[in-house]
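Asker: What follows is a single structure, and I will ask about it in a moment.
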Amino acid sequence: METFTGSFTQQEPIPEASVEAALRILRHGRLHRYNTVPGEIAETALLEEEFAAFTGAKYCLAVASGGYALGCALRALGIEPGDRVLTNAFTLAPVPGAIAALGGVPVFVETTEALTIDFDDLVRKAPDAKALLLSHMRGHICDMDRLMQVCAAAGLPVIEDCAHTMGAAWRGTPSGRHGVIGCYSTQTYKHMNSGEGGLLVSDDEGLMARAIVLSGSYMLYDRHRAAPPPEAFEDVKYATPNVSGRMDNLRAAILRPQLADLPRQCARWNELYRVVETGLDGTPGLNLIPRPKAESYVASSFQFLLPDWPEAKIRALLTRAARRGVELKWFGAPEPRGFTSRHDSWRYAPRQDLPETDRILTGLIDMRLPLTFTPDDAALIARIIRAEVSAVFQGEGKGTEALPAAD
C-alpha cells in the first residue's frame, strides 16, 4: 500500500538572496523602517514601491500582519462600533475577527458550491451594511465583474482579503485591485514568507493617507515612496490615531527577492494543483471545485466536496488518509481544529442562519500544497485520496474513527 512521507506544513527554505539581504540589515542594525542614514532608502519603502508596481496600484503600505492589514483597511474606511460589515460565511477567523475588533458586527453571506460568495444573499443583505470585506477564501475568486456591479448599486465599498490570492487575477485584473483596498498576507503559509507580515494597496489617496498614519508613521509619511502626495495628509494627520503596526526592514528585505520570484512560484503551485485535480477527476463520491475561465488562480491549497456524506464516513476517510501520510482538513468538524474553523465557532459574531453554507462545509475537505512537494508527490497524494475515498464511499470505512491530530 502506497504511503506519503512528506510534510504538509514544511515550507521551502528562505531564498539565499533573502538570507543575504536579512544579514545585511542585521549587520547595520537599522531594522525600524524610519531608521535610515542620509541617502538611504528603507527596505520597507522599496518593498512598497515594488509591490505597488506588481499589482498596478498607485499606493502600497507594508504592515505587521495580514490581520492588521484588514483592521487598518476597515479603520481607514471609517468603520465604527455597531456598523454591520458583510463578509463570506466561508472564511478564516481573522476576517470576522478584524470586524469584531473594531466593534463592528460581522454579517455572513452564504457560500456557493464554487466556494465563493452567494450573490443572491449578498443582494438581500447589502442595504443594511456599511461595507463588504470580501474573502477570496482558499484562492477561489468569484465573478468580480458581477460583484462590483452589485456593490456599486448598493453603495457598498469593497475591501478585498487577498491572503490566498496574491498573484491571482480576474480577467487579467490582479486580485485586490477591484475594491477600494486590497489586503495581503506574508505569513509563512501564504505566497511569500516573512513569518508574519501584510500589505495594503489602493488608488484612493485619502484612504491610503489614513492607513499610513494609522500604521504608525507619526509625521514621517514623506519617507514612503508608494504613498499619496504630502497634501493628502493635511486633513488626516492630526485626526487619525496611531495604531502602530508597521512592517520592519528585516521582513521587507526577506520579501523583496521573493516578490521578484513570485510569478515562477505561482506557476509551480498551479502545476501541483493540476496534477492532483487530474488524479481525482471522476472519483465516485467526490466533487471537484469548478474554476472559471476568467480566473487566473494561484492554487497553494486544494479543496474538494464529499456531498451528502455522513459524519462517520468523513471521519473514517480522514483517519484512513492520515494513516497513509495524507493530511486532510475538514471544515465541517463541529469543533475548530488548528487553523480550521467555521462561522458558528466565532462567538464574537451574532449567531446566524446559513443553511447553504452549512450544507457545503459539511462535506468540504481542504489540503495544503506546499512547494516542498514535487509533481510526483502530488500524483501519489491524489492516488491515495482516490483510493481511500472510493473505499469509504463503497462502504469499507463505516466506523466513527477519531480524527487525526491537529497541526
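Every chain in the C-alpha cells takes a letter, A first, then B, and so on in the order presented; its residues are numbered from 1, and the ligands are numbered from 1 following the presented order.
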Near A:Leu286, counting only C-alpha atoms, which residues have an atom at most 7 Å away, once you skip same-chain residues fewer than 2 positions from it, shown as a ChimeraX atom specification?
Answerer: /A:283-284,288,304-306
Asker: Residues of stretch 217-336 of chain A within 9 Å of stretch 152-173 of chain A: nearest atom pair and distance (Å, one decimal) for each, counting only C-alpha atoms, sorted by chain and number, as a Markdown table?
Answerer:
```
| residue | atom | partner | partner_atom | distance |
| --- | --- | --- | --- | --- |
| A:Leu262 | CA | A:Gly167 | CA | 7.3 |
| A:Pro263 | CA | A:Gly167 | CA | 7.0 |
| A:Cys266 | CA | A:Gly167 | CA | 6.9 |
| A:Lys293 | CA | A:Arg171 | CA | 8.5 |
| A:Ala294 | CA | A:Arg171 | CA | 4.9 |
| A:Glu295 | CA | A:Trp170 | CA | 4.8 |
| A:Ser296 | CA | A:Ala169 | CA | 4.9 |
| A:Tyr297 | CA | A:Ala168 | CA | 4.8 |
| A:Val298 | CA | A:Ala168 | CA | 5.5 |
| A:Ala299 | CA | A:Thr165 | CA | 8.4 |
| A:Ser300 | CA | A:His164 | CA | 7.8 |
| A:Ser301 | CA | A:His164 | CA | 8.9 |
```
Asker: Put those residues in a file: C-alpha atoms, as a compact mmCIF listing (two decimals), in the first residue's frame.
Answerer:
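Final output, part24.txt:
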```
# COMPACT_ATOMS: atom_id res chain seq x y z
CA LEU A 262 6.56 35.20 -7.28
CA PRO A 263 5.32 34.50 -10.85
CA CYS A 266 2.73 30.70 -8.64
CA LYS A 293 -12.02 30.54 -17.26
CA ALA A 294 -11.85 34.20 -16.22
CA GLU A 295 -10.00 33.25 -13.02
CA SER A 296 -6.20 33.18 -13.05
CA TYR A 297 -5.73 31.31 -9.81
CA VAL A 298 -2.77 30.57 -7.56
CA ALA A 299 -3.56 27.17 -6.07
CA SER A 300 -1.45 26.82 -2.94
CA SER A 301 -4.14 24.57 -1.48
```
Asker: One number please: atom CA of A:Ile384 to atom CA of A:Phe4, in Å, one decimal.
Answerer: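 These two atoms are separated by 8.4 Å.
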Asker: What parts of stretch 229-400 of chain A does DSSP call strand (DSSP E)? I'd like the answer as a list in words.
Answerer: Asn287, Leu288, Glu295, Ser296, Ser301, Phe302, Gln303, Phe304, Leu305, Lys329, Trp330, Leu364, Ile365, Asp366, Met367 and Arg368 of chain A
Asker: Here is a test: counting only C-alpha atoms, which residue of A:Ile254, A:Cys60, A:Ala226, A:Val109 is nearest to A:Ala17?
Answerer: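 With only C-alpha atoms as the atom set, the closest residue is A:Ile254.
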Asker: Between A:Arg351, A:Met137, A:Met192, A:Pro38, which has the minimum distance to A:Pro257 (counting only C-alpha atoms)?
Answerer: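 Smallest distance to A:Pro257 is found for A:Met192.
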Asker: Which residues are near A:Ala131? Cut-off 12 Å, only C-alpha atoms, ignore same chain within fewer than 4 positions. Put them as a PyMOL selection string.
Answerer: chain A and resi 73-80+83-87+99+104-107+122+125-127+151-152+154-160+179-181
Asker: When you count only C-alpha atoms, which of these residues is closest to A:Met219: A:Ser175, A:Thr357, A:Asn242, A:Thr55?
Answerer: A:Asn242
